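Chemist: Input: one structure, supplied below.
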Amino acid sequence: MNMKKTAALLTLIAGLGMGFQGTAQAEGFDIGADVVSRYVWRGAEYDDGIAAQPWLSYTFDGIGIEAGAWGSFDIDGDDANEVDLYVTVPVGPVSLTVTDYYFPDYADGDDDVFDYGDDAEEHIIEVSAGYEYENLSLMAAINVSGDDENSKYVEAGYGFYDKDDYTATAFIGAGDEVYTADGNAEGNFNIVNVGLTVTKDIFSASYMINPDLETSYLVLGVTLQP
């Protein structure tokens with residue numbers, strides 16, 4: 001990660017972090033899985049079939065650092081596989097996360113799990129910062145290594161409804177380069193993710209519009225957790 005990227009991220013963290021308080025995390029192990037009708041992430045569809053998305057994490061006692069793994073697997077057995085590793089560190093009002101997005105090709109056996117070179121096609125390393133204050137959440141992320149080294153994404157969400165076991169959150173996200181339809185220049189952001197998520201018990205439904213792609217998605221999810 002070069003100095004220009006580091007300075008830009010730290011400036012964004014400082015600006016967004018003023019006046020925000022951290023969110024306490026439960027300690028110990030956490031496991032579970034979501035089953036979603038399709039895999040849509042940051043306004044883009046990664047797979048159009050039903051996907052199982054398990055997770056495993058551990059939060060360290062007293063310091064709040066969380067380390068975990070998250071995956072997405074097409075139930076039909078297609079090539080849409082993802083296995084991510086991440087570490088989240090609370091720093092005052094900010095949660096800093098480093099994520100290794102890994103996309104193995106199990107069918108061809110060409111996985112290269114240990115290849116972290118700048119031209120590695122299976123890995124993307126992202127650094128992100130997140131904040132929560134009452135009903136407001138903010139997030140900023142930048143890719144720093146692997147198959148993509150420059151793309152950035154920012155998102156804001158606001159929870160505006162909590163009644164009769166239903167909650168509703170509106171969100172808007174913008175990105176540049178890989179997040180856009182035409183791969184526009186670094187720093188030239190397009191709005192790519194506008195929508196609404198409603199949850200009740202273990203169920204959730206999200207309606208998302210990507211103005212840049214001129215398309216929309218409706219995704220149903222079920223969370224399974226002991």
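By convention in this document, the chains of the structure tokens carry letters A, B, ... by their order, each chain's residues are numbered from 1, and ligands are numbered from 1 in the order they are shown.
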Which residues are near Gly130 of chain A? Cut-off 7 Å, only C-alpha atoms, ignore same chain within fewer than 6 positions. Put them as a PDB file with N, CA, C and O atoms, in the first residue's frame.

Modeler:
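Final output, saved to out-v1.pdb:
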ATOM      1  N   VAL A  94     -13.348   3.792  15.529  1.00  0.00           N
ATOM      2  CA  VAL A  94     -13.263   3.208  14.200  1.00  0.00           C
ATOM      3  C   VAL A  94     -13.005   1.712  14.297  1.00  0.00           C
ATOM      4  O   VAL A  94     -12.302   1.257  15.197  1.00  0.00           O
ATOM      5  N   SER A  95     -13.565   0.951  13.380  1.00  0.00           N
ATOM      6  CA  SER A  95     -13.222  -0.457  13.213  1.00  0.00           C
ATOM      7  C   SER A  95     -12.466  -0.605  11.897  1.00  0.00           C
ATOM      8  O   SER A  95     -13.025  -0.345  10.829  1.00  0.00           O
ATOM      9  N   LEU A  96     -11.196  -1.002  11.976  1.00  0.00           N
ATOM     10  CA  LEU A  96     -10.369  -1.196  10.791  1.00  0.00           C
ATOM     11  C   LEU A  96     -10.335  -2.685  10.429  1.00  0.00           C
ATOM     12  O   LEU A  96     -10.117  -3.525  11.303  1.00  0.00           O
ATOM     13  N   LEU A 138     -21.399   4.000   8.537  1.00  0.00           N
ATOM     14  CA  LEU A 138     -20.568   4.503   7.457  1.00  0.00           C
ATOM     15  C   LEU A 138     -19.437   3.513   7.202  1.00  0.00           C
ATOM     16  O   LEU A 138     -18.918   2.900   8.133  1.00  0.00           O
ATOM     17  N   MET A 139     -19.037   3.367   5.937  1.00  0.00           N
ATOM     18  CA  MET A 139     -17.962   2.459   5.584  1.00  0.00           C
ATOM     19  C   MET A 139     -17.199   2.989   4.384  1.00  0.00           C
ATOM     20  O   MET A 139     -17.802   3.558   3.461  1.00  0.00           O
ATOM     21  N   ALA A 140     -15.875   2.827   4.416  1.00  0.00           N
ATOM     22  CA  ALA A 140     -15.031   3.181   3.282  1.00  0.00           C
ATOM     23  C   ALA A 140     -14.007   2.081   3.087  1.00  0.00           C
ATOM     24  O   ALA A 140     -13.458   1.554   4.063  1.00  0.00           O
TER      25      ALA A 140
END

Chemist: So that I can check the surroundings of Met208 of chain A, please list as a list in words every protein, DNA and RNA residue that reaches within 6 Å of it, counting only C-alpha atoms and ignoring chain neighbours fewer than 5 positions away.

Modeler: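 The residues that qualify are Val194, Gly195, Ser216 and Tyr217 of chain A.
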
Chemist: Compare A:Glu66, A:Asp48, A:Asp165, A:Glu122 by their minimum atom-to-atom distance to Ile202 of chain A, counting only C-alpha atoms, and give me the closest one.

Modeler: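 Counting only C-alpha atoms, the residue closest to Ile202 of chain A is A:Asp165.
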
Chemist: Quick one: everything within 7 Å of Phe203 of chain A, counting only C-alpha atoms, minus sequence neighbours fewer than 6 positions away in the same chain. Send it as a count of residues only.

Modeler: 3

Chemist: Neighbours of segment 174-190 of chain A within 9 Å (only C-alpha atoms; same-chain residues fewer than 5 positions away dropped), as a list in words?

Modeler: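 Result of the neighbour search: Arg42, Gly43, Ala44, Asp148, Asn150, Ser151, Lys152, Tyr153, Val154, Glu155, Pro211, Asp212 and Leu213 of chain A.
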
Chemist: Taking only chain A into account, list the residues labelled helix (DSSP H, G or I) by DSSP (computed from the backbone), as a compact mmCIF listing (two decimals) with N, CA and C atoms, in the first residue's frame.

Modeler:
# COMPACT_ATOMS: atom_id res chain seq x y z
N MET A 3 2.16 5.37 -0.05
CA MET A 3 1.88 6.45 0.88
C MET A 3 0.65 7.26 0.48
N LYS A 4 0.43 7.43 -0.82
CA LYS A 4 -0.73 8.19 -1.29
C LYS A 4 -2.02 7.51 -0.85
N LYS A 5 -2.09 6.19 -1.02
CA LYS A 5 -3.29 5.47 -0.61
C LYS A 5 -3.46 5.50 0.90
N THR A 6 -2.35 5.34 1.63
CA THR A 6 -2.41 5.37 3.09
C THR A 6 -2.92 6.71 3.59
N ALA A 7 -2.40 7.79 3.03
CA ALA A 7 -2.83 9.12 3.46
C ALA A 7 -4.29 9.36 3.15
N ALA A 8 -4.75 8.91 1.98
CA ALA A 8 -6.16 9.11 1.61
C ALA A 8 -7.08 8.36 2.56
N LEU A 9 -6.71 7.11 2.90
CA LEU A 9 -7.55 6.32 3.79
C LEU A 9 -7.58 6.92 5.19
N LEU A 10 -6.41 7.36 5.72
CA LEU A 10 -6.37 7.93 7.06
C LEU A 10 -7.14 9.23 7.13
N THR A 11 -7.09 10.04 6.07
CA THR A 11 -7.87 11.28 6.04
C THR A 11 -9.36 10.99 6.10
N LEU A 12 -9.79 9.96 5.34
CA LEU A 12 -11.20 9.59 5.34
C LEU A 12 -11.62 9.06 6.70
N ILE A 13 -10.77 8.24 7.32
CA ILE A 13 -11.07 7.71 8.65
C ILE A 13 -11.22 8.85 9.65
N ALA A 14 -10.30 9.81 9.65
CA ALA A 14 -10.35 10.92 10.60
C ALA A 14 -11.62 11.73 10.43
N GLY A 15 -11.99 11.99 9.18
CA GLY A 15 -13.16 12.81 8.92
C GLY A 15 -14.44 12.14 9.34
N LEU A 16 -14.55 10.83 9.05
CA LEU A 16 -15.79 10.13 9.37
C LEU A 16 -15.88 9.78 10.85
N GLY A 17 -14.73 9.63 11.52
CA GLY A 17 -14.73 9.13 12.88
C GLY A 17 -15.08 10.14 13.94
N GLU A 177 -13.66 2.66 -10.59
CA GLU A 177 -12.94 1.59 -11.29
C GLU A 177 -13.75 0.30 -11.38
N VAL A 178 -13.35 -0.76 -10.67
CA VAL A 178 -13.95 -2.08 -10.87
C VAL A 178 -15.44 -2.10 -10.50
N TYR A 179 -15.89 -1.16 -9.68
CA TYR A 179 -17.29 -1.15 -9.26
C TYR A 179 -18.21 -0.53 -10.32

Chemist: Check the smallest atom-to-atom distance from each of A:Asn135, A:Ser128, A:Thr88, A:Ser145 to Asp115 of chain A using only C-alpha atoms, then report the winner.

Modeler: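 For Asp115 of chain A, the nearest of the candidates is A:Ser145.
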
Chemist: Interatomic distance between atom CA of Thr199 of chain A and atom CA of Trp55 of chain A?

Modeler: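 It comes out at 19.2 Å.
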
Chemist: My list of candidates is A:Gly62, A:Pro90, A:Pro104, A:Gly146. Which is closest to Gly28 of chain A when distances are computed with only C-alpha atoms?

Modeler: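 Closest to Gly28 of chain A, using only C-alpha atoms: A:Gly62.
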
Chemist: Check the DSSP output for the backbone and give back, as a ChimeraX atom specification, the residues of segment 147-196 of chain A in strand (DSSP E or B).

Modeler: /A:148,152-163,166-175,190-196

Chemist: Env of Tyr86 of chain A: 8 Å cut, atoms = only C-alpha atoms, seq-sep filter 2 positions within chain, self excluded. Answer as a PyMOL selection string.

Modeler: chain A and resi 67-69+84+88+97-100
